[in-house]
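Notes follow the structure.
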There are 4 protein chains.
Amino acid sequence: MNVNNYINGKFVTSKASDFFDVHDPSTGEVIAKTPLSTSSELDNAVHAAKTAFKVWKSTPAVDRVQPLYRLKHLLERDSDKISEILVKEHGKTFAEAKGDLLRGIQMCEVACGIPTLQMGKFSNNVARGIDSYSMRRPMGVFAGINPFNFPAMVPFWFWPFAVATGNTFVMKPSERVPLTQEYIFQLIDECGFPPGVINLVNGGKEVVEGIVNHPDIVGVSFVGSTEVAKIVYDKARGNRKRVQALGGAKNFLVMTENASVEKSVRAMVDSCYGCAGERCLAGSVLVGVGNSHEALKNEVIKNAKEVIVGNGMESNTSMGPVISQSALERINSDIEIALKEGAEIVYDGRKSVPQNGGFYLGPVVLDNVKPGTLMATKEIFGPVIGLMKVDHLSQAVELINSSDYANTCSIFSNDGMEAQQFIDSVHPSMVGVNLGVPAPMAFFSFGGSKESFFGDVKVHGQSSIEFFTEEHTVMQRWFNLDEKQDLNPHWSKD
Amino acid sequence: MNVNNYINGKFVTSKASDFFDVHDPSTGEVIAKTPLSTSSELDNAVHAAKTAFKVWKSTPAVDRVQPLYRLKHLLERDSDKISEILVKEHGKTFAEAKGDLLRGIQMCEVACGIPTLQMGKFSNNVARGIDSYSMRRPMGVFAGINPFNFPAMVPFWFWPFAVATGNTFVMKPSERVPLTQEYIFQLIDECGFPPGVINLVNGGKEVVEGIVNHPDIVGVSFVGSTEVAKIVYDKARGNRKRVQALGGAKNFLVMTENASVEKSVRAMVDSCYGCAGERCLAGSVLVGVGNSHEALKNEVIKNAKEVIVGNGMESNTSMGPVISQSALERINSDIEIALKEGAEIVYDGRKSVPQNGGFYLGPVVLDNVKPGTLMATKEIFGPVIGLMKVDHLSQAVELINSSDYANTCSIFSNDGMEAQQFIDSVHPSMVGVNLGVPAPMAFFSFGGSKESFFGDVKVHGQSSIEFFTEEHTVMQRWFNLDEKQDLNPHWSKD
Amino acid sequence: MNVNNYINGKFVTSKASDFFDVHDPSTGEVIAKTPLSTSSELDNAVHAAKTAFKVWKSTPAVDRVQPLYRLKHLLERDSDKISEILVKEHGKTFAEAKGDLLRGIQMCEVACGIPTLQMGKFSNNVARGIDSYSMRRPMGVFAGINPFNFPAMVPFWFWPFAVATGNTFVMKPSERVPLTQEYIFQLIDECGFPPGVINLVNGGKEVVEGIVNHPDIVGVSFVGSTEVAKIVYDKARGNRKRVQALGGAKNFLVMTENASVEKSVRAMVDSCYGCAGERCLAGSVLVGVGNSHEALKNEVIKNAKEVIVGNGMESNTSMGPVISQSALERINSDIEIALKEGAEIVYDGRKSVPQNGGFYLGPVVLDNVKPGTLMATKEIFGPVIGLMKVDHLSQAVELINSSDYANTCSIFSNDGMEAQQFIDSVHPSMVGVNLGVPAPMAFFSFGGSKESFFGDVKVHGQSSIEFFTEEHTVMQRWFNLDEKQDLNPHWSKD
Amino acid sequence: MNVNNYINGKFVTSKASDFFDVHDPSTGEVIAKTPLSTSSELDNAVHAAKTAFKVWKSTPAVDRVQPLYRLKHLLERDSDKISEILVKEHGKTFAEAKGDLLRGIQMCEVACGIPTLQMGKFSNNVARGIDSYSMRRPMGVFAGINPFNFPAMVPFWFWPFAVATGNTFVMKPSERVPLTQEYIFQLIDECGFPPGVINLVNGGKEVVEGIVNHPDIVGVSFVGSTEVAKIVYDKARGNRKRVQALGGAKNFLVMTENASVEKSVRAMVDSCYGCAGERCLAGSVLVGVGNSHEALKNEVIKNAKEVIVGNGMESNTSMGPVISQSALERINSDIEIALKEGAEIVYDGRKSVPQNGGFYLGPVVLDNVKPGTLMATKEIFGPVIGLMKVDHLSQAVELINSSDYANTCSIFSNDGMEAQQFIDSVHPSMVGVNLGVPAPMAFFSFGGSKESFFGDVKVHGQSSIEFFTEEHTVMQRWFNLDEKQDLNPHWSKD
């Protein structure tokens, strides 16, 4: 029942003395225990990775990606099984779990393209007889620290790109959802990486601190709360590592009078309640511009009423539980504060949920959310929709730009000018047009701005190559040992 | 025993009245019959492809590549089986057959990267309020006409890129080696393409003529002799199709006094005798610069003596038969002419071959080959090495550049200056340094110059995207229906 | 008064016996004579270019672009002077002439970026110890054959890219407008190209035929009528040269009910009457979808009435004359046919033009244009607007796609869905959204489809590098002369 | 005599109370005074830049680069004048000063290509009906802190790329060499940037601290000593700015037995003594492998004897003074330590220098330099060559990789294998083959590793675009307001 680590090509039992209880959020039962591995276990993993790097970095790119092709095949083969485990430990619906995994597989697909993506440049004769070229070289051992909300996908944002470019990797899943990755590592174990190239270390704070301080780790990718993201970023940067740290969000979805109401609201509500609102791209505040607010409110309530809360494995469930009892309590408390700050509850689905000890929270809709209040500024990370009204699109933009976060936002409108101006004006660097969750495809790059993202280089897609490699440049000429043999005498003039 | 076509997602028996005998070159026995399909059968295939194009072109790129991932998996699973068939119909050794297939699989791998490779460009605000972007769109039905020498690989140079970019395809294998592709199409049939996306039409001249003249085929990829390449190029171009037509070659490998003799000669002899010399990148004339000639000759003879000619399935065979009795006779006749023109036979392995009716030709080494003679100018396409001596590297370059062909050439030398000047001076556009067969990897582009290549855009790698798509450019601005709503008033000034 | 050629770095007087009269279209007077140079004069230019190529191709890219920087500076310095000459020989307004030149300068700017744009790719260790890289090499002498309608811009579409990539060039301007280029070549003469790199040969049919048949010219860029484009394409292709041949067009601008009428129609009318309609991207037929037709018609007539026809140098002139008396007659005759075929003339500005012998044609608006008639299918190349009405956007798309031409088309609408579907559905490969003349910027590529463009590779931008160079690929490894010195022993295993 | 600042488009006199004396190093005379501007003056500049950013960021890229084209022209026009000023304040030779400026101009050239380089990506139909595209947006106010050794070039590494991509900039030259930039800013003032886009603030530590702490500065580029680079990097990173900080170096040039001795040594000595050794790419230790050491030593001494030390404006001078009296003393002291640590002085040119108060240091050659000693580990930044001998190339690599620095190194050899293995094995990320100063061209990227470079993204070339912009990604679809109008009904299925 204790989750294993995977170090140097072998599953190993942690020697941890402390464990974290993994719950099935749909029942509240403890289903496994995550070892809070010690820093010496992390050391073992880093050591294995550092050793493996010596040969892996000189392995041709076409060979480095072969295990990823195999992994894609195995993940697809076991997709239902993995998704079931994911539902069990996380609570989201089976369809959402399948999507979570699919997104992860798509990362492997893009990383398979490394032989092309990692190419450098070549220029002959940049000056008389001198050729110059560049290479993007791997750097060493990278590490990834992952959140609970996408147990399958998020780890794949990093390690496939890191190892495909020739680095080796140490991965720490969220201690709340270690089982999905434990299963996936059984497939990784089959797919042909040399020992040490990719390692799994379960744990908590001690492992995180170990990673940001470890002298043999050259870079860290982190996804979690802004609070921890800042700490990880500052400490790892202080140690002169590369870092990309993704934090929280407060995402506004804006509907103008030129929108297609039904389709727009369906997309918006899916964004807010999908994965029980536990997504960093989840809609949180829906803003109606001008006269559209009324229609927005009515349609949102109508959609909210149709939400069926329950066990994610049941086929008619449209929303699962939140991750934990404490999350449940935090969200309920946030709702209380919101009401005190003047918001009005226009739909409350909290009573129509299973009463079996699961961490269920029914969908909630709050109207009259005011700028500056908790509901307008804080990340809720639960199935709570806030509604706001503004007179003019420019006010919606101001609202968005006044946030400390800048992960994503969307406009719902059929008017091209509104969309273009919105895109041009807002701070978030992932923008949607008539889309509730504008997550960039694996071959584009992911990452917000301001307090949603700390780092220079975004995640996945072609940015990954920049993050996980260093550019090397060569300038080269040749002298002639035998003047008589000179085919290009003009080169010798200098 | 008759080979089937594959049209619109189904294997169909050809209604051909004429057939081509497929021989096992290692015994001379007839092992199958290739239908010489009629133009109406080609029509059916083109019609299926044209119909399939309507939906396929609008299928997202990430979906279009999924069957290619599956195909890679299936090809690897059945690699030994396919290679055995390939040996049976072509004669090359099992190891060579595996390599032939592997190269094909690598094409699928690169084509899987189409979601990245096919990306267009986007520039916002190219002028006040105007965004501009480009797309590379598929064009319709493409066709591929393939040679006998790489039954597995060559077809993969084209169709995976064509269909991954959204086109549909009609493929004609060489009538001499249809069985490898017949088997591969059984895997294609499993891997999930919609009917009509990829079609197989066996045949001969009538199918070739049908392809170059068919009004619904927008482009043709051809590999074969220069003679036919010219006809295909000129006719298809005359019909304003896109064409890339790869013809013959005469490849010179040059060794200087600065070479590592043993390793160099091993690579050179492998180049000349590998696949019984039936490769468009096969070395044909080995040129010794200055004093290196003597060592070159001795080492070549030594290596030639070690060649074991036999059935490709036998584990100690290092060279199989040539493709046909007529090829055998043609090569023997070429040797006769060479001798008459002054060449001297310094090793003749023609007697030490199996006498079982197979098309075996033992390795031959000719010295004193003179410029302008058959052996110095004509493609032999068999296991015959010509040796030449020049005083100076510049003479080797002149020799190379005097050829009508310009597919590949190599220099063997450890001197950087010699290599750089050689690369800079020679006409062939695929150049090797200390490599006997410098075939570019799948993620680079393949294709020679002069009479070895007719077309503007090379084969596989990123060039494929250019060949199989057309660039579309959009310029876009939006007018404001409501001046009060203008977020970026400076855009309206124009 | 006879225009000079510029060959091998010197202005030379043509030995032509035949001359073409250059008229000032705003008065009808003959202002110069274009020599119809002989094929031996072309030979001289090609010879100079071929000779210059030997050194120019090995000149570093950073040096090759320096003359283009200087030329940009000189063109800007003399912009007014050049534009005045351009108005004199072509007739367009001074503002249009400045724009014509500006577009040409922008081509020089992009060509200055060749050191980056021409870079090849480099991959180290593609297989054990093997590095591979690509170069885009210049090919030799290219030629450009230019039309009368953009005396300054069109020649710059080609030669700056050709010479910046290391080729040399022979340029033939339109015999109708040789003076702009004669002046520009005085600046080229100052800007530092070695003799022979860029040459000017004035002439007519004989020079064109000389170019397409010349054995030392490796590629041809042509802009003119579709009729001649086909001939040039077919002949030059038959000679296995690279060709890009741009022909005529029939451009439809579509306005839906979701458009901003005033701004849209202003842009549409500018498109149709700008440069007196003598642009390959000029709007020709304006299509009103559903109820928008009536507003479209009224607004078009209103705009047409405001057009002031006159000498292009006069500041209040908004439209100049057409190029020649014969063009004038051809267009008038086309209008007659249109009327016979059922079109209705709703505005006729032909009487309000200067009566001084200039080739003036007042703006004309025809309504009730029917599919299949001359006005709906033929390129008019004059200031004539045809109006059509369709019920549904899909009918507008059908209309566009039924044309033999596919250069450009635009939609005027604020609805994002209409725009997206239009872009996705139409054949022309240059599409505008709320833009009358969606000419791609110099850093994107230009070129239509179907009978508007013959060739594989589009014009200017990054496509230019593909057109004017050939890809060369090197694969390189090194043998070790001294085993003891081996730093990477694993490379030696193969 | 006091140097001016340039803020918001105007030259302004600093209100500084403290000044730094600028010396002519060839005489020791004070020639100007650099104001140590106050943080409120920095504030003014940042404020101007921040204000200018609002409009500049929305200025089309083609317009943003026009002033850079003009600046290139003006810099070339005044090249001699600027170089003379540069010699006066810095001491290097006139030819070196011209080269310093030329490198700066080449940065402007590459930055002129921003319309192409800054392009984002576009993919249509990434999922049913969804288009996705990316933009690289400017971020705000950047700052540059520059060293004394390249008064013209280094500032151009940063600001042209920053402003061309749409940011605004505050530039601080070295207080020791402010005059070159003061002159250049007179040209910048002419070339057409809007006020505030590029600003000049002279000063010292207070300005540096102001920059790294200023809340309105989003990123900092620094070049200087490793000691300060670390402080700047850590502080600016702590403030979550982007940083690229280039520090010191210790560069090894290695000659093997396969080198062309005369040419190699000439290049090596130029590398060591050029700019009086005050280059971050200057050779410092010359390593002879095996038997090559003796020839290396003799040839180095021969070359050192030919060095003529003197005023940089005199035509026969081949080496100027060092930057200051304290630098002179530091270097002499380093030589003393080296001798104490066992090095042997084999050539001492220190007596043959002008005795006029200038900071002249004659060339010095030290043999028998031992690993671990000052001469083998510390950056000297003066005309002192250390010689070392190793038995094997692998020992040279170990030596290089044992350094804390990793800026550049070179191998001198004609053997391709030695070069390839050297490149593959060494830590420095700028490597030369037979080149003494392998500074990447402006269109490649510059920057070392380890303690020579702190940051994720290298300098100039395409890396610049990454450093000075943030990637934004849009996902876009449209709903249909009117089902009857749907042209692509399959898009609506989702």
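Please note that chains go A, B, ... in the order of the structure tokens, that every chain numbers its residues from 1, and that ligands are numbered from 1 in the order shown.
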Would you give me, as an NGL selection string, the residues of chain D that come within 8 Å of chain B, using only C-alpha atoms? :D and (58-62 or 118-128 or 133-135 or 414-417)
Taking the DSSP assignment computed from this structure's backbone, write out as a ChimeraX atom specification all residues of stretch 140-295 of chain D that belong to strand (DSSP E). /D:141-145,168-172,198-200,217-223,242-246,251-255,283-289
Would you pick out the contacts of D:Gly219 at 9 Å or less, using only C-alpha atoms, so that residues sharing its chain but fewer than 3 positions from it are not included, and give the list as an MDAnalysis selection string? chainID D and resid 139:144 212 236 240:244 467:468
Using atom CA of C:Glu278 and atom CA of C:Leu86 as the two end points, give the distance in Å to one decimal. 14.4 Å
So that I can see what lies close to stretch 6-10 of chain B, please list as number ranges by chain the residues with an atom at most 9 Å from it, counting only C-alpha atoms and leaving out residues fewer than 6 positions away in the same chain. B: 41, 44-49, 52, 170, 182, 185, 189, 193-202
Find the spatial neighbours of A:Glu76, counting only C-alpha atoms, within a cut-off of 9 Å - ignore same-chain residues fewer than 5 positions away - and output them as an mmCIF file with N, CA and C atoms, in the first residue's frame.
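For reference, out_34.cif as written:
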```
data_model
loop_
_atom_site.group_PDB
_atom_site.id
_atom_site.type_symbol
_atom_site.label_atom_id
_atom_site.label_comp_id
_atom_site.auth_asym_id
_atom_site.auth_seq_id
_atom_site.Cartn_x
_atom_site.Cartn_y
_atom_site.Cartn_z
ATOM 1 N N LEU A 71 6.539 4.368 -25.147
ATOM 2 C CA LEU A 71 5.719 4.790 -24.019
ATOM 3 C C LEU A 71 4.342 5.268 -24.475
ATOM 4 N N LEU A 101 -4.763 12.324 -19.283
ATOM 5 C CA LEU A 101 -3.736 11.434 -19.815
ATOM 6 C C LEU A 101 -3.419 11.738 -21.282
ATOM 7 N N LEU A 102 -4.465 11.991 -22.058
ATOM 8 C CA LEU A 102 -4.264 12.284 -23.485
ATOM 9 C C LEU A 102 -3.318 13.463 -23.668
ATOM 10 N N ILE A 105 0.101 12.302 -23.179
ATOM 11 C CA ILE A 105 0.602 11.555 -24.339
ATOM 12 C C ILE A 105 1.024 12.518 -25.447
#
```
Shell of 9 Å around D:Pro321, only C-alpha atoms, local chain residues under 4 positions omitted, as an NGL selection string: :D and (25-26 or 90-92 or 275-276 or 309-312 or 328 or 358-362)
As a ChimeraX atom specification, please: the residues near B:Glu344 (cut-off 7 Å, only C-alpha atoms, same-chain neighbours under 4 positions excluded). /B:339,366-368
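Relative to atom CA of B:Lys305, atom CA of B:Ser352 is found at 10.1 Å.
Closest approach to B:Pro383 from the set B:Val307, B:Ala442, B:His214, B:Gln325 is made by B:Val307, with distances taken over only C-alpha atoms.
As for atom CA of B:Asn298 and atom CA of B:Phe252, they are spaced 18.2 Å apart.
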Which residue of A:Val384, A:Val154, A:Ser464, A:Gly203 approaches A:Ser14 most closely, using only C-alpha atoms: A:Gly203
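Distances to D:Ser402 were evaluated for D:Asn251, D:Ser318, D:Asn332, D:Thr38 using only C-alpha atoms, and the minimum falls at D:Asn251.
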